[in-house]
Each structure stands twice: as structure tokens, then as C-alpha cells.
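**Q** Data: target01.cif, mmCIF, N, CA and C atoms.
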data_coords
loop_
_atom_site.label_atom_id
_atom_site.label_comp_id
_atom_site.auth_asym_id
_atom_site.auth_seq_id
_atom_site.Cartn_x
_atom_site.Cartn_y
_atom_site.Cartn_z
N MET A 7 -30.27 15.66 32.79
CA MET A 7 -29.05 15.16 33.40
C MET A 7 -28.96 13.65 33.28
N LYS A 8 -30.11 12.98 33.45
CA LYS A 8 -30.13 11.53 33.32
C LYS A 8 -29.79 11.12 31.89
N PHE A 9 -30.31 11.89 30.94
CA PHE A 9 -30.04 11.59 29.54
C PHE A 9 -28.55 11.67 29.25
N ALA A 10 -27.90 12.70 29.76
CA ALA A 10 -26.46 12.86 29.54
C ALA A 10 -25.69 11.70 30.17
N ALA A 11 -26.12 11.23 31.32
CA ALA A 11 -25.45 10.10 31.98
C ALA A 11 -25.62 8.83 31.16
N VAL A 12 -26.82 8.63 30.61
CA VAL A 12 -27.06 7.44 29.79
C VAL A 12 -26.21 7.48 28.52
N VAL A 13 -26.15 8.63 27.87
CA VAL A 13 -25.35 8.78 26.66
C VAL A 13 -23.86 8.53 26.98
N PHE A 14 -23.40 9.10 28.10
CA PHE A 14 -22.01 8.89 28.52
C PHE A 14 -21.74 7.40 28.76
N PHE A 15 -22.67 6.73 29.43
CA PHE A 15 -22.51 5.31 29.72
C PHE A 15 -22.40 4.51 28.42
N TRP A 16 -23.28 4.78 27.46
CA TRP A 16 -23.25 4.05 26.21
C TRP A 16 -21.98 4.32 25.41
N CYS A 17 -21.48 5.54 25.48
CA CYS A 17 -20.22 5.84 24.78
C CYS A 17 -19.06 5.09 25.39
N VAL A 18 -19.00 5.08 26.73
CA VAL A 18 -17.91 4.37 27.41
C VAL A 18 -18.04 2.87 27.18
N ALA A 19 -19.25 2.36 27.29
CA ALA A 19 -19.47 0.92 27.09
C ALA A 19 -19.17 0.53 25.65
N GLY A 20 -19.52 1.37 24.71
CA GLY A 20 -19.25 1.08 23.29
C GLY A 20 -17.77 0.99 22.99
N THR A 21 -16.98 1.86 23.59
CA THR A 21 -15.54 1.78 23.36
C THR A 21 -14.95 0.55 24.02
N ALA A 22 -15.49 0.13 25.14
CA ALA A 22 -14.99 -1.08 25.80
C ALA A 22 -15.31 -2.32 24.97
N TRP A 23 -16.51 -2.35 24.37
CA TRP A 23 -16.89 -3.50 23.55
C TRP A 23 -16.11 -3.54 22.24
N SER A 24 -15.77 -2.37 21.71
CA SER A 24 -15.10 -2.35 20.41
C SER A 24 -13.61 -2.59 20.51
N ALA A 25 -13.06 -2.59 21.70
CA ALA A 25 -11.62 -2.83 21.86
C ALA A 25 -11.30 -4.26 21.46
N GLY A 26 -10.27 -4.43 20.67
CA GLY A 26 -9.88 -5.76 20.20
C GLY A 26 -9.11 -6.51 21.26
N GLN A 27 -8.98 -7.79 21.05
CA GLN A 27 -8.23 -8.61 21.96
C GLN A 27 -6.74 -8.40 21.74
N VAL A 28 -5.98 -8.56 22.79
CA VAL A 28 -4.55 -8.44 22.71
C VAL A 28 -3.95 -9.84 22.77
N ASP A 29 -3.13 -10.17 21.78
CA ASP A 29 -2.48 -11.48 21.78
C ASP A 29 -1.32 -11.46 22.76
N VAL A 30 -1.27 -12.44 23.63
CA VAL A 30 -0.18 -12.56 24.58
C VAL A 30 0.54 -13.87 24.29
N TYR A 31 1.78 -13.75 23.85
CA TYR A 31 2.58 -14.92 23.52
C TYR A 31 3.85 -14.91 24.36
N HIS A 32 4.29 -16.09 24.72
CA HIS A 32 5.53 -16.25 25.48
C HIS A 32 6.67 -16.58 24.52
N PHE A 33 7.78 -15.88 24.70
CA PHE A 33 8.96 -16.13 23.89
C PHE A 33 10.12 -16.50 24.79
N ASP A 34 10.98 -17.38 24.31
CA ASP A 34 12.12 -17.82 25.09
C ASP A 34 13.21 -16.75 25.16
N THR A 35 13.35 -15.99 24.08
CA THR A 35 14.40 -14.97 24.03
C THR A 35 13.84 -13.68 23.46
N PRO A 36 14.46 -12.54 23.76
CA PRO A 36 14.03 -11.28 23.15
C PRO A 36 14.20 -11.28 21.63
N GLU A 37 15.16 -12.07 21.14
CA GLU A 37 15.37 -12.15 19.69
C GLU A 37 14.15 -12.78 19.01
N GLN A 38 13.56 -13.79 19.63
CA GLN A 38 12.36 -14.41 19.07
C GLN A 38 11.21 -13.41 19.02
N ARG A 39 11.06 -12.62 20.07
CA ARG A 39 10.00 -11.59 20.08
C ARG A 39 10.22 -10.58 18.96
N LYS A 40 11.47 -10.18 18.77
CA LYS A 40 11.80 -9.22 17.72
C LYS A 40 11.50 -9.81 16.34
N ARG A 41 11.91 -11.05 16.12
CA ARG A 41 11.62 -11.73 14.85
C ARG A 41 10.12 -11.82 14.62
N TYR A 42 9.37 -12.17 15.66
CA TYR A 42 7.91 -12.29 15.57
C TYR A 42 7.30 -10.96 15.15
N ASN A 43 7.69 -9.88 15.84
CA ASN A 43 7.12 -8.56 15.52
C ASN A 43 7.48 -8.13 14.10
N THR A 44 8.69 -8.43 13.66
CA THR A 44 9.09 -8.08 12.30
C THR A 44 8.28 -8.87 11.27
N LEU A 45 8.12 -10.16 11.53
CA LEU A 45 7.41 -11.01 10.57
C LEU A 45 5.93 -10.68 10.47
N ILE A 46 5.26 -10.42 11.59
CA ILE A 46 3.82 -10.15 11.50
C ILE A 46 3.54 -8.81 10.84
N GLU A 47 4.53 -7.92 10.82
CA GLU A 47 4.35 -6.67 10.08
C GLU A 47 4.64 -6.85 8.59
N GLU A 48 5.29 -7.94 8.26
CA GLU A 48 5.70 -8.19 6.87
C GLU A 48 4.61 -8.89 6.06
N PHE A 49 3.70 -9.60 6.71
CA PHE A 49 2.69 -10.37 5.98
C PHE A 49 1.36 -9.63 5.91
N ARG A 50 0.71 -9.75 4.77
CA ARG A 50 -0.59 -9.12 4.53
C ARG A 50 -1.69 -10.05 5.00
N CYS A 51 -2.73 -9.47 5.58
CA CYS A 51 -3.89 -10.25 6.01
C CYS A 51 -4.65 -10.73 4.76
N PRO A 52 -4.93 -12.03 4.65
CA PRO A 52 -5.64 -12.53 3.46
C PRO A 52 -7.07 -12.00 3.34
N LYS A 53 -7.68 -11.59 4.43
CA LYS A 53 -9.05 -11.10 4.39
C LYS A 53 -9.11 -9.59 4.16
N CYS A 54 -8.18 -8.87 4.74
CA CYS A 54 -8.20 -7.41 4.68
C CYS A 54 -7.48 -6.91 3.42
N LEU A 55 -7.78 -5.69 3.06
CA LEU A 55 -7.10 -5.08 1.92
C LEU A 55 -5.98 -4.20 2.43
N ASN A 56 -4.76 -4.59 2.16
CA ASN A 56 -3.57 -3.81 2.44
C ASN A 56 -3.35 -3.50 3.92
N ILE A 57 -3.66 -4.46 4.77
CA ILE A 57 -3.37 -4.35 6.20
C ILE A 57 -2.54 -5.55 6.57
N ASN A 58 -1.48 -5.32 7.34
CA ASN A 58 -0.66 -6.45 7.74
C ASN A 58 -1.34 -7.21 8.88
N ILE A 59 -0.83 -8.40 9.18
CA ILE A 59 -1.50 -9.22 10.19
C ILE A 59 -1.28 -8.66 11.58
N ALA A 60 -0.29 -7.79 11.75
CA ALA A 60 -0.07 -7.15 13.05
C ALA A 60 -1.19 -6.16 13.35
N GLY A 61 -1.73 -5.51 12.35
CA GLY A 61 -2.73 -4.47 12.56
C GLY A 61 -4.16 -4.91 12.29
N SER A 62 -4.36 -6.15 11.94
CA SER A 62 -5.70 -6.62 11.58
C SER A 62 -6.37 -7.32 12.76
N ASP A 63 -7.68 -7.10 12.90
CA ASP A 63 -8.47 -7.79 13.93
C ASP A 63 -9.22 -8.98 13.36
N ALA A 64 -9.00 -9.31 12.10
CA ALA A 64 -9.70 -10.43 11.47
C ALA A 64 -9.28 -11.74 12.12
N PRO A 65 -10.21 -12.69 12.22
CA PRO A 65 -9.86 -13.99 12.81
C PRO A 65 -8.71 -14.69 12.09
N ILE A 66 -8.65 -14.55 10.77
CA ILE A 66 -7.57 -15.19 10.02
C ILE A 66 -6.22 -14.57 10.39
N ALA A 67 -6.20 -13.27 10.66
CA ALA A 67 -4.95 -12.61 11.06
C ALA A 67 -4.51 -13.12 12.44
N LYS A 68 -5.48 -13.32 13.32
CA LYS A 68 -5.15 -13.87 14.65
C LYS A 68 -4.56 -15.27 14.50
N ASP A 69 -5.15 -16.08 13.61
CA ASP A 69 -4.62 -17.42 13.37
C ASP A 69 -3.21 -17.36 12.77
N LEU A 70 -2.98 -16.42 11.88
CA LEU A 70 -1.66 -16.28 11.27
C LEU A 70 -0.62 -15.84 12.30
N ARG A 71 -1.01 -14.93 13.20
CA ARG A 71 -0.08 -14.53 14.26
C ARG A 71 0.28 -15.72 15.13
N ALA A 72 -0.73 -16.54 15.47
CA ALA A 72 -0.46 -17.75 16.27
C ALA A 72 0.43 -18.73 15.51
N THR A 73 0.21 -18.84 14.20
CA THR A 73 1.05 -19.73 13.39
C THR A 73 2.50 -19.26 13.36
N VAL A 74 2.69 -17.95 13.18
CA VAL A 74 4.05 -17.40 13.16
C VAL A 74 4.72 -17.66 14.52
N HIS A 75 3.99 -17.44 15.59
CA HIS A 75 4.54 -17.70 16.93
C HIS A 75 4.92 -19.16 17.08
N ARG A 76 4.05 -20.05 16.67
CA ARG A 76 4.30 -21.48 16.79
C ARG A 76 5.52 -21.89 15.96
N LEU A 77 5.63 -21.36 14.75
CA LEU A 77 6.75 -21.71 13.89
C LEU A 77 8.09 -21.20 14.43
N ILE A 78 8.04 -20.06 15.13
CA ILE A 78 9.28 -19.51 15.70
C ILE A 78 9.67 -20.26 16.97
N VAL A 79 8.72 -20.40 17.88
CA VAL A 79 9.05 -20.93 19.21
C VAL A 79 9.12 -22.45 19.23
N GLN A 80 8.10 -23.12 18.70
CA GLN A 80 8.05 -24.57 18.82
C GLN A 80 8.87 -25.30 17.77
N ARG A 81 8.85 -24.79 16.55
CA ARG A 81 9.52 -25.51 15.47
C ARG A 81 10.89 -24.95 15.13
N GLY A 82 11.17 -23.72 15.55
CA GLY A 82 12.48 -23.14 15.30
C GLY A 82 12.74 -22.80 13.84
N PHE A 83 11.68 -22.47 13.09
CA PHE A 83 11.84 -22.12 11.67
C PHE A 83 12.62 -20.81 11.54
N SER A 84 13.36 -20.70 10.45
CA SER A 84 14.02 -19.44 10.13
C SER A 84 12.98 -18.50 9.50
N ASP A 85 13.34 -17.24 9.36
CA ASP A 85 12.41 -16.26 8.76
C ASP A 85 12.03 -16.67 7.34
N GLN A 86 13.00 -17.14 6.56
CA GLN A 86 12.70 -17.53 5.18
C GLN A 86 11.81 -18.77 5.14
N GLU A 87 12.01 -19.70 6.05
CA GLU A 87 11.14 -20.89 6.10
C GLU A 87 9.71 -20.51 6.45
N ILE A 88 9.55 -19.52 7.33
CA ILE A 88 8.20 -19.04 7.68
C ILE A 88 7.57 -18.36 6.47
N ARG A 89 8.33 -17.54 5.76
CA ARG A 89 7.82 -16.89 4.55
C ARG A 89 7.37 -17.94 3.52
N ASP A 90 8.22 -18.94 3.33
CA ASP A 90 7.89 -19.99 2.36
C ASP A 90 6.65 -20.77 2.79
N PHE A 91 6.53 -21.05 4.08
CA PHE A 91 5.38 -21.80 4.59
C PHE A 91 4.07 -21.02 4.35
N LEU A 92 4.08 -19.74 4.73
CA LEU A 92 2.85 -18.94 4.55
C LEU A 92 2.55 -18.69 3.09
N GLN A 93 3.58 -18.52 2.26
CA GLN A 93 3.36 -18.31 0.83
C GLN A 93 2.79 -19.57 0.19
N ALA A 94 3.28 -20.73 0.60
CA ALA A 94 2.76 -21.98 0.05
C ALA A 94 1.31 -22.19 0.47
N ARG A 95 0.97 -21.75 1.65
CA ARG A 95 -0.38 -21.97 2.15
C ARG A 95 -1.39 -20.94 1.65
N TYR A 96 -0.98 -19.66 1.57
CA TYR A 96 -1.91 -18.58 1.23
C TYR A 96 -1.62 -17.93 -0.11
N GLY A 97 -0.57 -18.30 -0.77
CA GLY A 97 -0.26 -17.73 -2.08
C GLY A 97 0.55 -16.45 -1.97
N ASP A 98 0.80 -15.84 -3.12
CA ASP A 98 1.61 -14.63 -3.18
C ASP A 98 0.93 -13.42 -2.55
N PHE A 99 -0.40 -13.48 -2.38
CA PHE A 99 -1.12 -12.33 -1.83
C PHE A 99 -0.66 -12.00 -0.42
N VAL A 100 -0.24 -13.00 0.33
CA VAL A 100 0.14 -12.79 1.73
C VAL A 100 1.45 -11.99 1.83
N LEU A 101 2.20 -11.88 0.74
CA LEU A 101 3.46 -11.14 0.73
C LEU A 101 3.23 -9.72 0.22
N TYR A 102 3.79 -8.74 0.90
CA TYR A 102 3.71 -7.37 0.40
C TYR A 102 4.64 -7.17 -0.79
N ASN A 103 5.66 -7.99 -0.90
CA ASN A 103 6.63 -7.88 -1.98
C ASN A 103 6.61 -9.19 -2.77
N PRO A 104 5.62 -9.40 -3.64
CA PRO A 104 5.51 -10.69 -4.32
C PRO A 104 6.68 -10.92 -5.28
N PRO A 105 7.04 -12.18 -5.51
CA PRO A 105 8.15 -12.48 -6.43
C PRO A 105 7.73 -12.22 -7.88
N PHE A 106 8.72 -12.01 -8.72
CA PHE A 106 8.45 -11.82 -10.15
C PHE A 106 8.35 -13.20 -10.79
N ASN A 107 7.15 -13.56 -11.22
CA ASN A 107 6.94 -14.83 -11.93
C ASN A 107 5.79 -14.66 -12.91
N ALA A 108 5.36 -15.74 -13.52
CA ALA A 108 4.34 -15.68 -14.57
C ALA A 108 3.00 -15.17 -14.04
N ARG A 109 2.70 -15.42 -12.77
CA ARG A 109 1.42 -14.98 -12.22
C ARG A 109 1.45 -13.54 -11.74
N THR A 110 2.63 -13.03 -11.41
CA THR A 110 2.70 -11.68 -10.82
C THR A 110 3.41 -10.66 -11.71
N TYR A 111 3.73 -11.02 -12.93
CA TYR A 111 4.49 -10.09 -13.76
C TYR A 111 3.73 -8.79 -14.02
N LEU A 112 2.41 -8.84 -14.09
CA LEU A 112 1.65 -7.61 -14.33
C LEU A 112 1.78 -6.63 -13.17
N VAL A 113 1.87 -7.15 -11.96
CA VAL A 113 2.04 -6.28 -10.79
C VAL A 113 3.33 -5.49 -10.90
N TRP A 114 4.35 -6.10 -11.46
CA TRP A 114 5.65 -5.45 -11.59
C TRP A 114 5.77 -4.62 -12.87
N VAL A 115 5.12 -5.02 -13.95
CA VAL A 115 5.32 -4.38 -15.25
C VAL A 115 4.40 -3.18 -15.46
N ILE A 116 3.17 -3.25 -15.00
CA ILE A 116 2.19 -2.19 -15.26
C ILE A 116 2.65 -0.82 -14.76
N PRO A 117 3.21 -0.68 -13.56
CA PRO A 117 3.65 0.67 -13.16
C PRO A 117 4.69 1.26 -14.11
N PHE A 118 5.61 0.44 -14.59
CA PHE A 118 6.62 0.95 -15.52
C PHE A 118 5.99 1.30 -16.88
N LEU A 119 5.01 0.50 -17.32
CA LEU A 119 4.32 0.82 -18.57
C LEU A 119 3.55 2.14 -18.45
N LEU A 120 2.88 2.33 -17.32
CA LEU A 120 2.14 3.58 -17.12
C LEU A 120 3.10 4.78 -17.06
N LEU A 121 4.24 4.62 -16.43
CA LEU A 121 5.23 5.68 -16.40
C LEU A 121 5.75 5.99 -17.80
N PHE A 122 6.01 4.96 -18.59
CA PHE A 122 6.48 5.14 -19.96
C PHE A 122 5.42 5.87 -20.81
N VAL A 123 4.18 5.44 -20.71
CA VAL A 123 3.10 6.09 -21.47
C VAL A 123 2.94 7.55 -21.02
N GLY A 124 3.04 7.79 -19.73
CA GLY A 124 2.94 9.16 -19.22
C GLY A 124 4.05 10.05 -19.75
N LEU A 125 5.26 9.51 -19.82
CA LEU A 125 6.37 10.29 -20.37
C LEU A 125 6.17 10.59 -21.85
N ILE A 126 5.67 9.61 -22.60
CA ILE A 126 5.40 9.82 -24.04
C ILE A 126 4.35 10.92 -24.22
N VAL A 127 3.30 10.87 -23.42
CA VAL A 127 2.24 11.90 -23.52
C VAL A 127 2.80 13.26 -23.14
N LEU A 128 3.60 13.33 -22.09
CA LEU A 128 4.17 14.60 -21.66
C LEU A 128 5.10 15.17 -22.72
N ILE A 129 5.94 14.35 -23.30
CA ILE A 129 6.84 14.82 -24.36
C ILE A 129 6.03 15.29 -25.57
N GLY A 130 4.98 14.56 -25.92
CA GLY A 130 4.12 14.97 -27.04
C GLY A 130 3.46 16.31 -26.78
N LEU A 131 2.98 16.52 -25.55
CA LEU A 131 2.35 17.81 -25.22
C LEU A 131 3.36 18.95 -25.26
N LEU A 132 4.56 18.70 -24.76
CA LEU A 132 5.59 19.74 -24.80
C LEU A 132 5.99 20.09 -26.22
N LEU A 133 6.13 19.10 -27.08
CA LEU A 133 6.47 19.36 -28.49
C LEU A 133 5.34 20.10 -29.20
N ARG A 134 4.12 19.73 -28.88
CA ARG A 134 2.96 20.40 -29.49
C ARG A 134 2.90 21.86 -29.05
N GLN A 135 3.17 22.10 -27.78
CA GLN A 135 3.15 23.47 -27.25
C GLN A 135 4.26 24.29 -27.89
N ARG A 136 5.42 23.67 -28.10
CA ARG A 136 6.53 24.39 -28.70
C ARG A 136 6.21 24.79 -30.14
N ARG A 137 5.54 23.90 -30.88
CA ARG A 137 5.17 24.22 -32.26
C ARG A 137 4.16 25.35 -32.31
N LYS A 138 3.23 25.38 -31.36
CA LYS A 138 2.22 26.45 -31.35
C LYS A 138 2.85 27.78 -30.98
N ALA A 139 3.84 27.78 -30.13
CA ALA A 139 4.42 29.03 -29.63
C ALA A 139 5.57 29.54 -30.48
N SER A 140 5.77 28.98 -31.66
CA SER A 140 6.87 29.45 -32.49
C SER A 140 6.58 30.88 -32.96
N PRO A 141 7.58 31.74 -32.91
CA PRO A 141 7.36 33.15 -33.26
C PRO A 141 7.11 33.31 -34.77
N VAL A 142 6.27 34.30 -35.06
CA VAL A 142 5.95 34.62 -36.45
C VAL A 142 6.78 35.85 -36.83
N ASN A 143 7.50 35.76 -37.91
CA ASN A 143 8.33 36.88 -38.36
C ASN A 143 7.52 37.77 -39.29
N LEU A 144 7.24 38.95 -38.81
CA LEU A 144 6.55 39.95 -39.63
C LEU A 144 7.46 41.16 -39.78
N ASP A 145 7.44 41.70 -40.94
CA ASP A 145 8.26 42.88 -41.11
C ASP A 145 7.50 44.12 -40.62
N VAL A 146 8.19 45.21 -40.47
CA VAL A 146 7.62 46.44 -39.91
C VAL A 146 6.52 46.99 -40.80
N ASP A 147 6.67 46.93 -42.11
CA ASP A 147 5.65 47.46 -43.02
C ASP A 147 4.34 46.69 -42.88
N ALA A 148 4.43 45.37 -42.73
CA ALA A 148 3.23 44.56 -42.59
C ALA A 148 2.52 44.89 -41.28
N LEU A 149 3.28 45.13 -40.19
CA LEU A 149 2.68 45.49 -38.90
C LEU A 149 1.98 46.85 -38.99
N GLU A 150 2.62 47.83 -39.62
CA GLU A 150 1.99 49.14 -39.74
C GLU A 150 0.73 49.05 -40.58
N LYS A 151 0.75 48.22 -41.59
CA LYS A 151 -0.42 48.05 -42.43
C LYS A 151 -1.57 47.44 -41.62
N LEU A 152 -1.26 46.47 -40.78
CA LEU A 152 -2.28 45.86 -39.94
C LEU A 152 -2.85 46.84 -38.94
N LEU A 153 -1.98 47.65 -38.34
CA LEU A 153 -2.44 48.64 -37.35
C LEU A 153 -3.30 49.71 -38.01
N ASP A 154 -2.94 50.12 -39.22
CA ASP A 154 -3.73 51.13 -39.94
C ASP A 154 -5.11 50.59 -40.28
N GLU A 155 -5.20 49.31 -40.61
CA GLU A 155 -6.48 48.72 -40.95
C GLU A 155 -7.42 48.66 -39.72
N LYS A 156 -6.85 48.51 -38.54
CA LYS A 156 -7.65 48.42 -37.31
C LYS A 156 -8.23 49.77 -36.93
N THR A 157 -7.54 50.80 -37.24
CA THR A 157 -8.00 52.10 -36.82
C THR A 157 -8.80 52.82 -37.85
#
What is this file in C-alpha cells?

**A**
Amino acid sequence: MKFAAVVFFWCVAGTAWSAGQVDVYHFDTPEQRKRYNTLIEEFRCPKCLNINIAGSDAPIAKDLRATVHRLIVQRGFSDQEIRDFLQARYGDFVLYNPPFNARTYLVWVIPFLLLFVGLIVLIGLLLRQRRKASPVNLDVDALEKLLDEKT
């Protein structure tokens, strides 16, 4: 019974220790809070792979959330100015939808190239299958001759 109590204690204590901190920010208007929530879901955490800064517990994500809050409340930046500020500081990686330019063209072009190659392969396989399945015209005498040879 003591063992079960100790295990229960460690499980409860472990979940309490693993809980992340909650950021508490003050906003002047509900519109600012809405803009903040929209923006932090729009930016990718520079440390994490494919997690936005709203869902990341990384210290850099916490700093980015504080920066977004500061830019909205204290400086009055527009959404596009905040995007430009974070992109200038962290590069195109911080954006889930990177712009089309010389550094990011492969991100935009490769999916279309793979789709094109896949379609070419699929069409080739269908044409090959059609050629294999073409009917053979045999006359009745030739079929009877073949059947007689088998028996």
C-alpha cells in the first residue's frame, strides 16, 4: 500500500513539474488580444520543427511571444510590420508561408515538380499496361488446333 502511495505521489508530482508556464499579458483592448493570438499562431518557432510559437515551450518562443506583445501594445505596430520585423530578425524560417524569392524557390517548385514526375510515371504505367492487355486475334481453327495439342 505504501508503494502504491509513493508511485501515485511521484506521478502527480511529475505532472506538476512538467506543466509549462502560462504567459499572462495585459492588453488595452480585446482587438489587441485577438491580433496577438492570431499572430503567435502564424509564426514558427525557430528552435522547434513545425510548431508555432503559441504551442512551443522553448525559451525562444516565449521571447517571441513577449516581443509580439510588446510590438502590439507598446509600439502599436500593424500585423504586417510585426511580420516584417520578425522576418528581418529570424529569416524566412519564422514564416509558415515563406515568400517566393531566390532563396525559397525550391520550397515552392519541388512539390510541383514531384507532382509532374508522378503524373508522367502514372501515364507511362497506364500506357504500358494497355499495350500488354491488347487482345490477340486468333481464328477458330487455330484455337481448336491448340486445344487438340493439349489433350

**Q** Counting only N, CA and C atoms, which residues sit no farther than 8 Å from the position (8.6, -18.7, 17.8) in the file's frame? I'd like them as a VMD selection string.

**A** chain A and resid 32 to 34 38 to 39 41 to 42 73 to 83

**Q** Could you state the separation of CA of Phe49 in chain A and CA of Leu120 in chain A in Å, given to one decimal place?

**A**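 Answer for the CA of Phe49 in chain A to CA of Leu120 in chain A separation: 27.0 Å.
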
**Q** What separation in Å, quoted to one decimal, exists between CA of Phe99 in chain A and CA of Ile59 in chain A?

**A**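 Those two atoms sit 12.4 Å apart.
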
**Q** If you run DSSP on the backbone, which residues of chain A are helix (DSSP H, G or I), as a ChimeraX atom specification?

**A** /A:8-24,36-48,65-79,85-96,98-100,111-138,146-156

**Q** So which residues fall inside 12 Å of (6.9, -6.0, 10.4) if we count only C-alpha atoms? Mind giving them as a list of chain:residue names?

**A**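 Using only C-alpha atoms, the matching residues come out as A:Arg39, A:Lys40, A:Arg41, A:Tyr42, A:Asn43, A:Thr44, A:Leu45, A:Ile46, A:Glu47, A:Glu48, A:Phe49, A:Arg50, A:Ile57, A:Asn58, A:Ile59, A:Ala60, A:Gly61, A:Arg71, A:Asp85, A:Leu101, A:Tyr102.
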